[in-house]
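*Asks:* Dropping in data12.cif, with mmCIF, C-alpha atoms (C1' of nucleotides).
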data_structure
#
loop_
_atom_site.label_atom_id
_atom_site.label_comp_id
_atom_site.auth_asym_id
_atom_site.auth_seq_id
_atom_site.Cartn_x
_atom_site.Cartn_y
_atom_site.Cartn_z
CA MET A 7 210.12 -40.72 -354.87
CA PRO A 8 211.10 -40.30 -351.26
CA ASN A 9 214.72 -40.74 -350.26
CA MET A 10 215.68 -43.06 -347.42
CA LYS A 11 215.95 -40.30 -344.84
CA ASP A 12 212.32 -39.35 -345.50
CA THR A 13 211.29 -42.99 -345.33
CA ILE A 14 212.98 -43.39 -341.97
CA LYS A 15 211.27 -40.26 -340.71
CA THR A 16 207.88 -41.41 -341.95
CA VAL A 17 208.05 -44.84 -340.34
CA ALA A 18 209.42 -43.29 -337.16
CA ILE A 19 206.41 -40.97 -336.99
CA ASP A 20 204.17 -43.97 -337.38
CA LEU A 21 205.96 -45.96 -334.68
CA PHE A 22 206.35 -43.15 -332.15
CA TYR A 23 202.67 -42.38 -332.59
CA LYS A 24 201.52 -45.97 -332.16
CA LYS A 25 203.96 -47.28 -329.57
CA SER A 26 205.59 -44.17 -328.09
CA TYR A 27 209.19 -43.08 -328.55
CA PHE A 28 210.77 -45.17 -325.81
CA ALA A 29 208.86 -48.30 -326.73
CA SER A 30 210.02 -48.03 -330.34
CA GLY A 31 213.40 -49.51 -331.17
CA ILE A 32 215.91 -48.62 -333.84
CA SER A 33 215.41 -52.16 -335.09
CA ASP A 34 211.65 -51.56 -335.46
CA ILE A 35 212.33 -48.47 -337.54
CA ALA A 36 214.88 -50.30 -339.68
CA ARG A 37 212.57 -53.25 -340.30
CA LEU A 38 209.71 -50.99 -341.42
CA ALA A 39 212.06 -48.91 -343.58
CA GLY A 40 213.39 -52.08 -345.17
CA ILE A 41 217.03 -51.63 -344.21
CA GLN A 42 219.47 -52.85 -341.55
CA LYS A 43 219.53 -50.94 -338.30
CA SER A 44 223.14 -49.86 -338.76
CA SER A 45 222.07 -48.03 -341.94
CA ILE A 46 219.92 -45.73 -339.85
CA TYR A 47 223.09 -44.19 -338.46
CA TYR A 48 224.20 -43.02 -341.88
CA HIS A 49 221.17 -40.68 -341.95
CA TYR A 50 220.78 -39.84 -338.28
CA SER A 51 223.46 -39.66 -335.65
CA ASN A 52 221.31 -41.32 -333.00
CA LYS A 53 217.75 -42.13 -332.01
CA GLU A 54 217.04 -38.79 -330.41
CA ASP A 55 218.11 -37.08 -333.62
CA ILE A 56 215.16 -38.68 -335.39
CA LEU A 57 212.78 -37.48 -332.71
CA PHE A 58 214.19 -33.97 -332.84
CA ASP A 59 213.87 -33.85 -336.62
CA ILE A 60 210.18 -34.77 -336.33
CA LEU A 61 209.45 -32.24 -333.60
CA ASN A 62 211.42 -29.46 -335.26
CA THR A 63 209.67 -29.84 -338.61
CA THR A 64 206.29 -30.01 -336.92
CA MET A 65 206.83 -26.83 -334.93
CA LEU A 66 208.19 -24.93 -337.94
CA ASP A 67 205.22 -25.94 -340.07
CA LEU A 68 202.74 -25.16 -337.30
CA ASN A 69 204.17 -21.71 -336.93
CA SER A 70 204.24 -20.87 -340.63
CA SER A 71 200.66 -22.14 -341.03
CA LEU A 72 199.59 -19.61 -338.43
CA ASN A 73 201.57 -16.76 -339.97
CA GLN A 74 200.09 -17.36 -343.42
CA ARG A 75 196.57 -17.56 -342.03
CA LEU A 76 196.91 -14.28 -340.10
CA GLU A 77 198.22 -12.23 -343.01
CA GLY A 78 196.21 -9.12 -343.69
CA LEU A 79 193.76 -9.56 -340.82
CA LYS A 80 193.02 -6.54 -338.67
CA THR A 81 190.66 -7.00 -335.71
CA ALA A 82 191.30 -9.21 -332.70
CA GLU A 83 188.11 -11.14 -333.40
CA GLU A 84 189.12 -11.91 -336.99
CA LYS A 85 192.57 -12.86 -335.86
CA ILE A 86 191.59 -15.16 -333.01
CA GLN A 87 189.10 -16.94 -335.25
CA ALA A 88 191.76 -17.47 -337.90
CA ALA A 89 194.30 -18.61 -335.31
CA ILE A 90 191.85 -21.09 -333.79
CA GLU A 91 190.97 -22.46 -337.22
CA SER A 92 194.61 -22.76 -338.24
CA HIS A 93 195.49 -24.54 -335.00
CA ILE A 94 192.62 -27.02 -335.23
CA LEU A 95 193.14 -27.86 -338.89
CA PHE A 96 196.87 -28.40 -338.38
CA HIS A 97 196.20 -30.68 -335.42
CA ILE A 98 193.89 -32.80 -337.55
CA GLU A 99 195.99 -32.82 -340.72
CA ARG A 100 199.21 -33.61 -338.89
CA GLN A 101 197.59 -35.77 -336.20
CA LYS A 102 200.43 -38.22 -335.61
CA GLU A 103 203.19 -35.62 -335.45
CA VAL A 104 201.41 -33.29 -333.05
CA ILE A 105 200.61 -36.19 -330.74
CA ILE A 106 204.31 -37.00 -330.67
CA ALA A 107 205.13 -33.32 -330.13
CA ASP A 108 202.77 -33.26 -327.18
CA SER A 109 203.96 -36.38 -325.41
CA GLU A 110 207.58 -37.10 -326.25
CA LEU A 111 209.45 -33.98 -325.18
CA ARG A 112 210.97 -36.02 -322.36
CA GLY A 113 212.95 -37.90 -324.99
CA LEU A 114 214.99 -34.81 -325.82
CA SER A 115 218.32 -33.65 -324.40
CA ILE A 116 218.22 -30.40 -322.44
CA GLU A 117 219.48 -28.40 -325.40
CA ASN A 118 217.01 -29.82 -327.89
CA TYR A 119 214.26 -29.52 -325.32
CA LYS A 120 214.94 -25.81 -325.00
CA THR A 121 214.86 -25.34 -328.77
CA ILE A 122 211.45 -26.97 -329.11
CA THR A 123 209.83 -25.37 -326.07
CA LYS A 124 211.10 -21.96 -327.21
CA MET A 125 209.26 -22.43 -330.51
CA ARG A 126 206.17 -23.53 -328.63
CA ASP A 127 206.30 -20.53 -326.31
CA ASP A 128 206.69 -18.12 -329.22
CA TYR A 129 203.69 -19.71 -330.89
CA GLU A 130 201.60 -19.40 -327.72
CA GLY A 131 202.73 -15.81 -327.40
CA LYS A 132 201.00 -14.94 -330.66
CA PHE A 133 197.69 -16.18 -329.32
CA GLN A 134 198.21 -14.25 -326.11
CA LYS A 135 198.97 -11.06 -327.97
CA ILE A 136 195.74 -11.33 -329.94
CA LEU A 137 193.70 -12.05 -326.81
CA LYS A 138 195.26 -9.16 -324.91
CA LYS A 139 194.51 -6.77 -327.76
CA GLY A 140 190.88 -7.92 -327.90
CA ILE A 141 190.47 -7.45 -324.15
CA ASP A 142 192.16 -4.04 -324.17
CA ASP A 143 190.07 -2.67 -327.04
CA GLY A 144 186.86 -4.00 -325.49
CA SER A 145 186.03 -6.71 -328.05
CA PHE A 146 186.44 -9.50 -325.52
CA ILE A 147 185.32 -9.90 -321.93
CA LYS A 148 187.79 -8.92 -319.26
CA THR A 149 189.53 -12.13 -318.29
CA ASP A 150 192.99 -13.54 -317.58
CA TYR A 151 194.30 -13.74 -321.14
CA LYS A 152 197.23 -16.01 -320.29
CA ILE A 153 195.06 -18.61 -318.62
CA ILE A 154 192.44 -18.37 -321.34
CA SER A 155 195.13 -18.76 -324.01
CA TYR A 156 196.12 -22.05 -322.37
CA GLY A 157 192.46 -23.05 -322.33
CA ILE A 158 191.86 -22.29 -325.98
CA LEU A 159 195.11 -23.82 -327.16
CA THR A 160 194.85 -27.03 -325.18
CA MET A 161 191.21 -27.52 -326.12
CA CYS A 162 192.05 -27.13 -329.82
CA THR A 163 195.24 -29.16 -329.52
CA ALA A 164 193.37 -32.09 -328.04
CA VAL A 165 191.28 -32.43 -331.19
CA CYS A 166 194.18 -34.55 -332.46
CA LEU A 167 193.44 -37.06 -329.70
CA TRP A 168 189.80 -37.75 -330.48
CA PHE A 169 189.33 -36.78 -334.13
CA ASP A 170 188.27 -39.73 -336.24
CA GLN A 171 188.81 -39.58 -340.01
CA LYS A 172 185.75 -41.79 -340.48
CA GLY A 173 183.74 -39.99 -337.82
CA ARG A 174 180.48 -38.09 -337.97
CA LEU A 175 182.01 -34.64 -338.47
CA SER A 176 184.56 -33.24 -340.94
CA LYS A 177 187.51 -31.21 -339.77
CA ASP A 178 185.85 -28.03 -341.05
CA GLU A 179 182.67 -28.70 -339.10
CA ILE A 180 184.66 -29.26 -335.93
CA ALA A 181 186.60 -26.04 -336.51
CA ARG A 182 183.32 -24.19 -337.03
CA ILE A 183 181.72 -25.56 -333.83
CA TYR A 184 184.80 -24.80 -331.72
CA LYS A 185 185.18 -21.31 -333.17
CA GLY A 186 181.54 -20.53 -332.43
CA PHE A 187 181.77 -21.78 -328.87
CA LEU A 188 185.02 -20.00 -328.10
CA ILE A 189 184.01 -16.70 -329.66
CA ASN A 190 180.77 -16.81 -327.71
CA GLY A 191 182.82 -17.34 -324.55
CA LEU A 192 185.16 -14.47 -325.37
CA LYS A 193 182.57 -11.89 -326.33
CA LYS A 194 180.37 -9.82 -324.13
CA SER A 195 176.68 -10.51 -323.95
CA HIS A 196 175.78 -7.97 -326.66
CA ARG A 197 173.29 -6.25 -324.38
CA SER A 198 174.54 -2.92 -325.65
CA ASN A 199 173.93 -3.87 -329.28
CA SER A 200 171.34 -1.92 -331.25
CA ARG A 201 169.73 -5.10 -332.56
CA HIS A 202 166.97 -6.31 -330.28
CA GLN A 203 165.72 -9.22 -332.29
CA GLU A 204 167.34 -12.46 -333.44
CA MET B 17 203.28 -45.83 -292.29
CA PRO B 18 203.05 -46.96 -295.83
CA ASN B 19 203.61 -50.60 -296.72
CA MET B 20 206.04 -51.59 -299.44
CA LYS B 21 203.34 -51.97 -302.11
CA ASP B 22 202.32 -48.35 -301.56
CA THR B 23 205.94 -47.24 -301.65
CA ILE B 24 206.47 -49.02 -304.96
CA LYS B 25 203.35 -47.39 -306.36
CA THR B 26 204.41 -43.95 -305.17
CA VAL B 27 207.88 -44.10 -306.67
CA ALA B 28 206.46 -45.58 -309.87
CA ILE B 29 204.08 -42.61 -310.19
CA ASP B 30 207.04 -40.31 -309.78
CA LEU B 31 209.13 -42.13 -312.36
CA PHE B 32 206.42 -42.65 -314.95
CA TYR B 33 205.56 -38.97 -314.63
CA LYS B 34 209.15 -37.77 -315.01
CA LYS B 35 210.57 -40.27 -317.49
CA SER B 36 207.53 -42.00 -319.00
CA TYR B 37 206.48 -45.60 -318.49
CA PHE B 38 208.69 -47.21 -321.12
CA ALA B 39 211.77 -45.23 -320.17
CA SER B 40 211.40 -46.28 -316.53
CA GLY B 41 212.90 -49.60 -315.57
CA ILE B 42 211.99 -52.06 -312.84
CA SER B 43 215.49 -51.46 -311.51
CA ASP B 44 214.81 -47.72 -311.24
CA ILE B 45 211.68 -48.38 -309.24
CA ALA B 46 213.48 -50.85 -307.00
CA ARG B 47 216.36 -48.47 -306.34
CA LEU B 48 214.03 -45.62 -305.36
CA ALA B 49 211.93 -47.93 -303.21
CA GLY B 50 215.08 -49.17 -301.49
CA ILE B 51 214.73 -52.86 -302.37
CA GLN B 52 216.05 -55.31 -304.94
CA LYS B 53 214.25 -55.46 -308.25
CA SER B 54 213.23 -59.09 -307.75
CA SER B 55 211.29 -58.01 -304.65
CA ILE B 56 208.99 -55.94 -306.84
CA TYR B 57 207.56 -59.19 -308.20
CA TYR B 58 206.35 -60.24 -304.80
CA HIS B 59 203.93 -57.26 -304.85
CA TYR B 60 203.18 -56.96 -308.55
CA SER B 61 203.10 -59.73 -311.12
CA ASN B 62 204.80 -57.59 -313.78
CA LYS B 63 205.58 -54.06 -314.81
CA GLU B 64 202.27 -53.46 -316.54
CA ASP B 65 200.49 -54.48 -313.36
CA ILE B 66 201.99 -51.43 -311.61
CA LEU B 67 200.82 -49.14 -314.39
CA PHE B 68 197.35 -50.63 -314.33
CA ASP B 69 197.11 -50.21 -310.56
CA ILE B 70 197.98 -46.51 -310.91
CA LEU B 71 195.51 -45.90 -313.73
CA ASN B 72 192.73 -47.87 -312.11
CA THR B 73 192.97 -46.04 -308.79
CA THR B 74 193.12 -42.70 -310.57
CA MET B 75 190.00 -43.35 -312.62
CA LEU B 76 188.06 -44.67 -309.64
CA ASP B 77 188.95 -41.62 -307.56
CA LEU B 78 188.23 -39.21 -310.41
CA ASN B 79 184.80 -40.72 -310.83
CA SER B 80 183.88 -40.71 -307.17
CA SER B 81 185.06 -37.11 -306.81
CA LEU B 82 182.59 -36.14 -309.50
CA ASN B 83 179.74 -38.13 -307.98
CA GLN B 84 180.23 -36.55 -304.57
CA ARG B 85 180.38 -33.06 -306.05
CA LEU B 86 177.17 -33.52 -308.05
CA GLU B 87 175.08 -34.78 -305.15
CA GLY B 88 171.91 -32.81 -304.59
CA LEU B 89 172.37 -30.44 -307.51
CA LYS B 90 169.40 -29.83 -309.77
CA THR B 91 169.90 -27.52 -312.76
CA ALA B 92 172.20 -28.18 -315.71
CA GLU B 93 174.06 -24.96 -315.02
CA GLU B 94 174.74 -25.85 -311.39
CA LYS B 95 175.79 -29.31 -312.41
CA ILE B 96 178.17 -28.35 -315.21
CA GLN B 97 179.84 -25.77 -313.00
CA ALA B 98 180.34 -28.35 -310.28
CA ALA B 99 181.58 -30.93 -312.77
CA ILE B 100 184.07 -28.49 -314.29
CA GLU B 101 185.33 -27.51 -310.86
CA SER B 102 185.66 -31.11 -309.73
CA HIS B 103 187.53 -32.04 -312.90
CA ILE B 104 189.97 -29.13 -312.70
CA LEU B 105 190.72 -29.53 -308.99
CA PHE B 106 191.33 -33.26 -309.40
CA HIS B 107 193.69 -32.64 -312.30
CA ILE B 108 195.71 -30.24 -310.18
CA GLU B 109 195.67 -32.24 -306.96
CA ARG B 110 196.57 -35.50 -308.69
CA GLN B 111 198.76 -33.93 -311.37
CA LYS B 112 201.28 -36.73 -311.81
CA GLU B 113 198.74 -39.53 -311.96
CA VAL B 114 196.44 -37.87 -314.47
CA ILE B 115 199.39 -37.06 -316.73
CA ILE B 116 200.27 -40.76 -316.67
CA ALA B 117 196.63 -41.66 -317.28
CA ASP B 118 196.59 -39.37 -320.30
CA SER B 119 199.78 -40.55 -321.94
CA GLU B 120 200.53 -44.13 -321.00
CA LEU B 121 197.48 -46.08 -322.09
CA ARG B 122 199.63 -47.65 -324.81
CA GLY B 123 201.46 -49.54 -322.10
CA LEU B 124 198.36 -51.60 -321.30
CA SER B 125 197.31 -54.98 -322.65
CA ILE B 126 194.11 -55.01 -324.70
CA GLU B 127 192.05 -56.23 -321.76
CA ASN B 128 193.37 -53.64 -319.30
CA TYR B 129 193.09 -50.98 -321.95
CA LYS B 130 189.40 -51.73 -322.34
CA THR B 131 188.83 -51.56 -318.60
CA ILE B 132 190.39 -48.11 -318.30
CA THR B 133 188.84 -46.61 -321.44
CA LYS B 134 185.43 -47.90 -320.35
CA MET B 135 185.78 -45.96 -317.09
CA ARG B 136 186.88 -42.88 -319.01
CA ASP B 137 183.94 -43.15 -321.41
CA ASP B 138 181.47 -43.50 -318.54
CA TYR B 139 182.95 -40.43 -316.92
CA GLU B 140 182.69 -38.43 -320.15
CA GLY B 141 179.13 -39.63 -320.53
CA LYS B 142 178.15 -37.83 -317.33
CA PHE B 143 179.38 -34.53 -318.73
CA GLN B 144 177.54 -35.17 -321.99
CA LYS B 145 174.30 -35.94 -320.18
CA ILE B 146 174.46 -32.65 -318.29
CA LEU B 147 175.22 -30.68 -321.45
CA LYS B 148 172.42 -32.34 -323.39
CA LYS B 149 169.95 -31.57 -320.62
CA GLY B 150 171.02 -27.93 -320.55
CA ILE B 151 170.62 -27.61 -324.31
CA ASP B 152 167.26 -29.37 -324.33
CA ASP B 153 165.79 -27.22 -321.55
CA GLY B 154 167.09 -24.02 -323.15
CA SER B 155 169.70 -23.07 -320.55
CA PHE B 156 172.58 -23.51 -323.00
CA ILE B 157 173.06 -22.46 -326.60
CA LYS B 158 172.21 -25.03 -329.24
CA THR B 159 175.46 -26.75 -330.09
CA ASP B 160 176.95 -30.19 -330.64
CA TYR B 161 177.07 -31.41 -327.06
CA LYS B 162 179.44 -34.30 -327.76
CA ILE B 163 182.05 -32.13 -329.43
CA ILE B 164 181.68 -29.44 -326.79
CA SER B 165 182.05 -32.05 -324.04
CA TYR B 166 185.39 -33.03 -325.56
CA GLY B 167 186.35 -29.37 -325.67
CA ILE B 168 185.47 -28.68 -322.06
CA LEU B 169 187.02 -31.88 -320.77
CA THR B 170 190.28 -31.62 -322.68
CA MET B 171 190.69 -27.96 -321.80
CA CYS B 172 190.22 -28.69 -318.11
CA THR B 173 192.31 -31.86 -318.26
CA ALA B 174 195.25 -29.98 -319.73
CA VAL B 175 195.47 -27.80 -316.62
CA CYS B 176 197.59 -30.63 -315.22
CA LEU B 177 200.17 -29.92 -317.93
CA TRP B 178 200.78 -26.26 -317.21
CA PHE B 179 199.70 -25.71 -313.61
CA ASP B 180 202.57 -24.55 -311.44
CA GLN B 181 202.31 -24.99 -307.68
CA LYS B 182 204.46 -21.89 -307.22
CA GLY B 183 202.71 -19.97 -309.98
CA ARG B 184 200.75 -16.77 -309.97
CA LEU B 185 197.31 -18.32 -309.52
CA SER B 186 195.89 -20.81 -307.04
CA LYS B 187 193.94 -23.84 -308.17
CA ASP B 188 190.71 -22.21 -307.01
CA GLU B 189 191.37 -19.07 -309.02
CA ILE B 190 192.04 -21.12 -312.13
CA ALA B 191 188.85 -23.09 -311.59
CA ARG B 192 186.92 -19.84 -311.21
CA ILE B 193 188.36 -18.31 -314.41
CA TYR B 194 187.72 -21.43 -316.46
CA LYS B 195 184.20 -21.85 -315.07
CA GLY B 196 183.37 -18.24 -315.93
CA PHE B 197 184.70 -18.52 -319.46
CA LEU B 198 183.01 -21.84 -320.18
CA ILE B 199 179.65 -20.85 -318.74
CA ASN B 200 179.76 -17.65 -320.78
CA GLY B 201 180.39 -19.78 -323.86
CA LEU B 202 177.55 -22.16 -323.05
CA LYS B 203 174.91 -19.59 -322.23
CA LYS B 204 172.86 -17.48 -324.57
CA SER B 205 173.54 -13.77 -324.85
CA HIS B 206 170.90 -12.82 -322.27
CA ARG B 207 169.26 -10.39 -324.70
CA SER B 208 165.90 -11.61 -323.44
CA ASN B 209 166.79 -10.81 -319.84
CA SER B 210 164.88 -8.13 -318.02
CA ARG B 211 168.07 -6.43 -316.84
CA HIS B 212 169.24 -3.81 -319.27
CA GLN B 213 172.14 -2.41 -317.37
CA GLU B 214 175.40 -3.87 -316.18
"C1'" DG C 13 208.91 -60.54 -297.66
"C1'" DT C 14 213.40 -59.71 -299.23
"C1'" DC C 15 217.66 -61.41 -300.82
"C1'" DT C 16 221.53 -63.14 -304.51
"C1'" DA C 17 222.21 -64.81 -308.85
"C1'" DT C 18 221.19 -65.36 -313.39
"C1'" DA C 19 218.62 -66.41 -317.55
"C1'" DG C 20 217.43 -64.80 -322.05
"C1'" DA C 21 216.12 -61.15 -324.96
"C1'" DT C 22 216.67 -56.73 -326.73
"C1'" DG C 23 218.34 -52.09 -326.43
"C1'" DG C 24 221.49 -48.35 -328.92
"C1'" DA C 25 225.52 -47.89 -331.24
"C1'" DT C 26 230.13 -48.84 -333.81
"C1'" DA C 27 233.73 -51.09 -337.06
"C1'" DG C 28 234.84 -52.14 -341.27
"C1'" DA C 29 233.80 -54.59 -345.82
"C1'" DC C 30 231.69 -53.68 -350.22
"C1'" DG D 1 224.69 -45.80 -348.89
"C1'" DT D 2 223.91 -50.26 -347.27
"C1'" DC D 3 225.68 -54.43 -345.55
"C1'" DT D 4 227.43 -58.16 -341.80
"C1'" DA D 5 229.11 -58.76 -337.44
"C1'" DT D 6 229.58 -57.60 -332.94
"C1'" DC D 7 230.07 -54.99 -328.39
"C1'" DC D 8 228.28 -53.95 -324.16
"C1'" DA D 9 224.67 -52.23 -321.42
"C1'" DT D 10 220.19 -52.79 -319.91
"C1'" DC D 11 215.82 -54.82 -319.87
"C1'" DT D 12 211.96 -57.94 -317.71
"C1'" DA D 13 211.42 -61.82 -315.27
"C1'" DT D 14 212.43 -66.23 -312.64
"C1'" DA D 15 214.76 -69.67 -309.32
"C1'" DG D 16 215.76 -70.65 -305.05
"C1'" DA D 17 218.13 -69.44 -300.44
"C1'" DC D 18 217.11 -67.18 -296.09
#
Take the structure in the file and write it out as structure tokens.
*Replies:*
Amino acid sequence: MPNMKDTIKTVAIDLFYKKSYFASGISDIARLAGIQKSSIYYHYSNKEDILFDILNTTMLDLNSSLNQRLEGLKTAEEKIQAAIESHILFHIERQKEVIIADSELRGLSIENYKTITKMRDDYEGKFQKILKKGIDDGSFIKTDYKIISYGILTMCTAVCLWFDQKGRLSKDEIARIYKGFLINGLKKSHRSNSRHQE
Amino acid sequence: MPNMKDTIKTVAIDLFYKKSYFASGISDIARLAGIQKSSIYYHYSNKEDILFDILNTTMLDLNSSLNQRLEGLKTAEEKIQAAIESHILFHIERQKEVIIADSELRGLSIENYKTITKMRDDYEGKFQKILKKGIDDGSFIKTDYKIISYGILTMCTAVCLWFDQKGRLSKDEIARIYKGFLINGLKKSHRSNSRHQE
DNA sequence: GTCTATAGATGGATAGAC
DNA sequence: GTCTATCCATCTATAGAC
């Protein structure tokens, strides 16, 4: 039994995803929510407020998903695998919201913009910390960890753009393939390993 | 000496990049181009026509950049390196346009949408063909070449989102780092190589 | 090829009744 | 908490003079 504020938020997510924020009108939201457009303003102070609510919730949830998934893990390799998996699964499960988060930041006021990008930067920082540790302790190849963090994150973020619920592969299979590829790219060529056979 | 149509296109690229397509008005474009808004309609039949012109040119140029760069190359490894480099450099050199191309497809009519996505799919197909060849001939690890093509392409596409002209690294350095990382991820662990020392 | 003028619709937002 | 009614700004696009 969702209250009206949740209903408004849900239809707004749908609209912003399908038509973009600026192409969606308050009247569109009201029509889909089944109320008059003036009633929107009882729940939200203006249009941007709806957008901010969506982005804020999304970033908070993204961040706590990562924190939960990392709990108790020790090595950089374990951690980066868990972080990659968490990021991919979130970007599939919350497809519409993360697409909005990735494309509608221009709809925010300067202040709100800073709030959201700060959360995003903190989140990225956690990936960078893991990568740096793995490079420093010799688990990963020597590379520019900042640039590679952008690479990994944007590659896994973009899954939300092409993932198809009815497609050939499940979200878990995609996470597995990406993890394998990325870990292979991060690790050295194992020539120093004791194993000499596959 | 640009003509007025080019001027309109240039300021539209700037506006659509900064404010998004739907948040940009014909009056904004006219003001920046230094003419009255009605004069826009002498050069373009409507607002969408401007967007389509931008996207069409961008896709044509992206595609021909790739074709030129691939000319004469033989092996899958040579080809994928060249393709990655071409893709990254284009996404830095034409930053504004590719950001529009990646976020404003919803502004197109069904017909125009099909035209642009067809060009994008053909372009992606070239990457997939190279990857498949490399997997089949044993140069690359056995993996899902379609999924990995999305990974490589979206990772290199997203460079346009974070690249900073005044930043620490040049576009060539970024291309080199990404190429190294991706090739390392695509190739086997060399355990069968004759070299046993770094 | 660019102008002035304007049509006609829709945008976000507010006032005040219930 | 939702409604009706309305304000005013802005939007895309067109007509017709120069």
*Asks:* Please return, as a short mmCIF file (atom, residue, chain, number, x, y, z; two decimals) with C-alpha atoms (C1' of nucleotides), in the frame of the given file, all residues of chain C lying within 12 Å of chain B when all atoms listed in the file are considered.
*Replies:*
data_model
loop_
_atom_site.label_atom_id
_atom_site.label_comp_id
_atom_site.auth_asym_id
_atom_site.auth_seq_id
_atom_site.Cartn_x
_atom_site.Cartn_y
_atom_site.Cartn_z
"C1'" DG C 13 208.91 -60.54 -297.66
"C1'" DT C 14 213.40 -59.71 -299.23
"C1'" DC C 15 217.66 -61.41 -300.82
"C1'" DT C 16 221.53 -63.14 -304.51
"C1'" DA C 17 222.21 -64.81 -308.85
"C1'" DT C 18 221.19 -65.36 -313.39
"C1'" DG C 23 218.34 -52.09 -326.43
#
*Asks:* For chain B, list the residues within 9 Å of chain A, counting all atoms listed in the file, and write the list as a ChimeraX atom specification.
*Replies:* /B:34-39,119-120,122-123,159-160,163-164,166-175,178,190,193-194,196-208,212-214
*Asks:* Since I can't run it myself right now, could you work out what the PyMOL selection byres ((chain B) within 10 of (chain D)) selects here and report it as a PyMOL selection string?
*Replies:* chain B and resi 41-43+53-54+57+61-63
*Asks:* In Å, rounded to a single decimal, give me how far CA of Leu67 in chain B is from C1' of DG20 in chain C.
*Replies:* 24.1 Å
*Asks:* Distance CA of Lys134 in chain B-CA of Ser80 in chain B, one decimal place?
*Replies:* 15.1 Å
*Asks:* Report, in Å with one decimal, the straight-line distance from CA of Thr131 in chain B to CA of Tyr60 in chain B.
*Replies:*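 These two atoms are separated by 18.3 Å.
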*Asks:* So which residues touch range 130-145 of chain A within 7 Å, counting only C-alpha atoms (C1' of nucleotides), skipping near sequence neighbours fewer than 5 positions away, as an MDAnalysis selection string?
*Replies:* chainID A and resid 82:83 85:86 151:152 155 193
*Asks:* Please provide as a list in words all residues within 12 Å of Asn19 in chain B, with the sequence filter that same-chain residues fewer than 3 positions apart are discarded (counting only C-alpha atoms (C1' of nucleotides)).
*Replies:*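 Neighbouring residues, sequence-local ones excluded: Asp22, Thr23, Ile24, Lys25, Thr26, Ala49 and His59 of chain B; DG13 of chain C.
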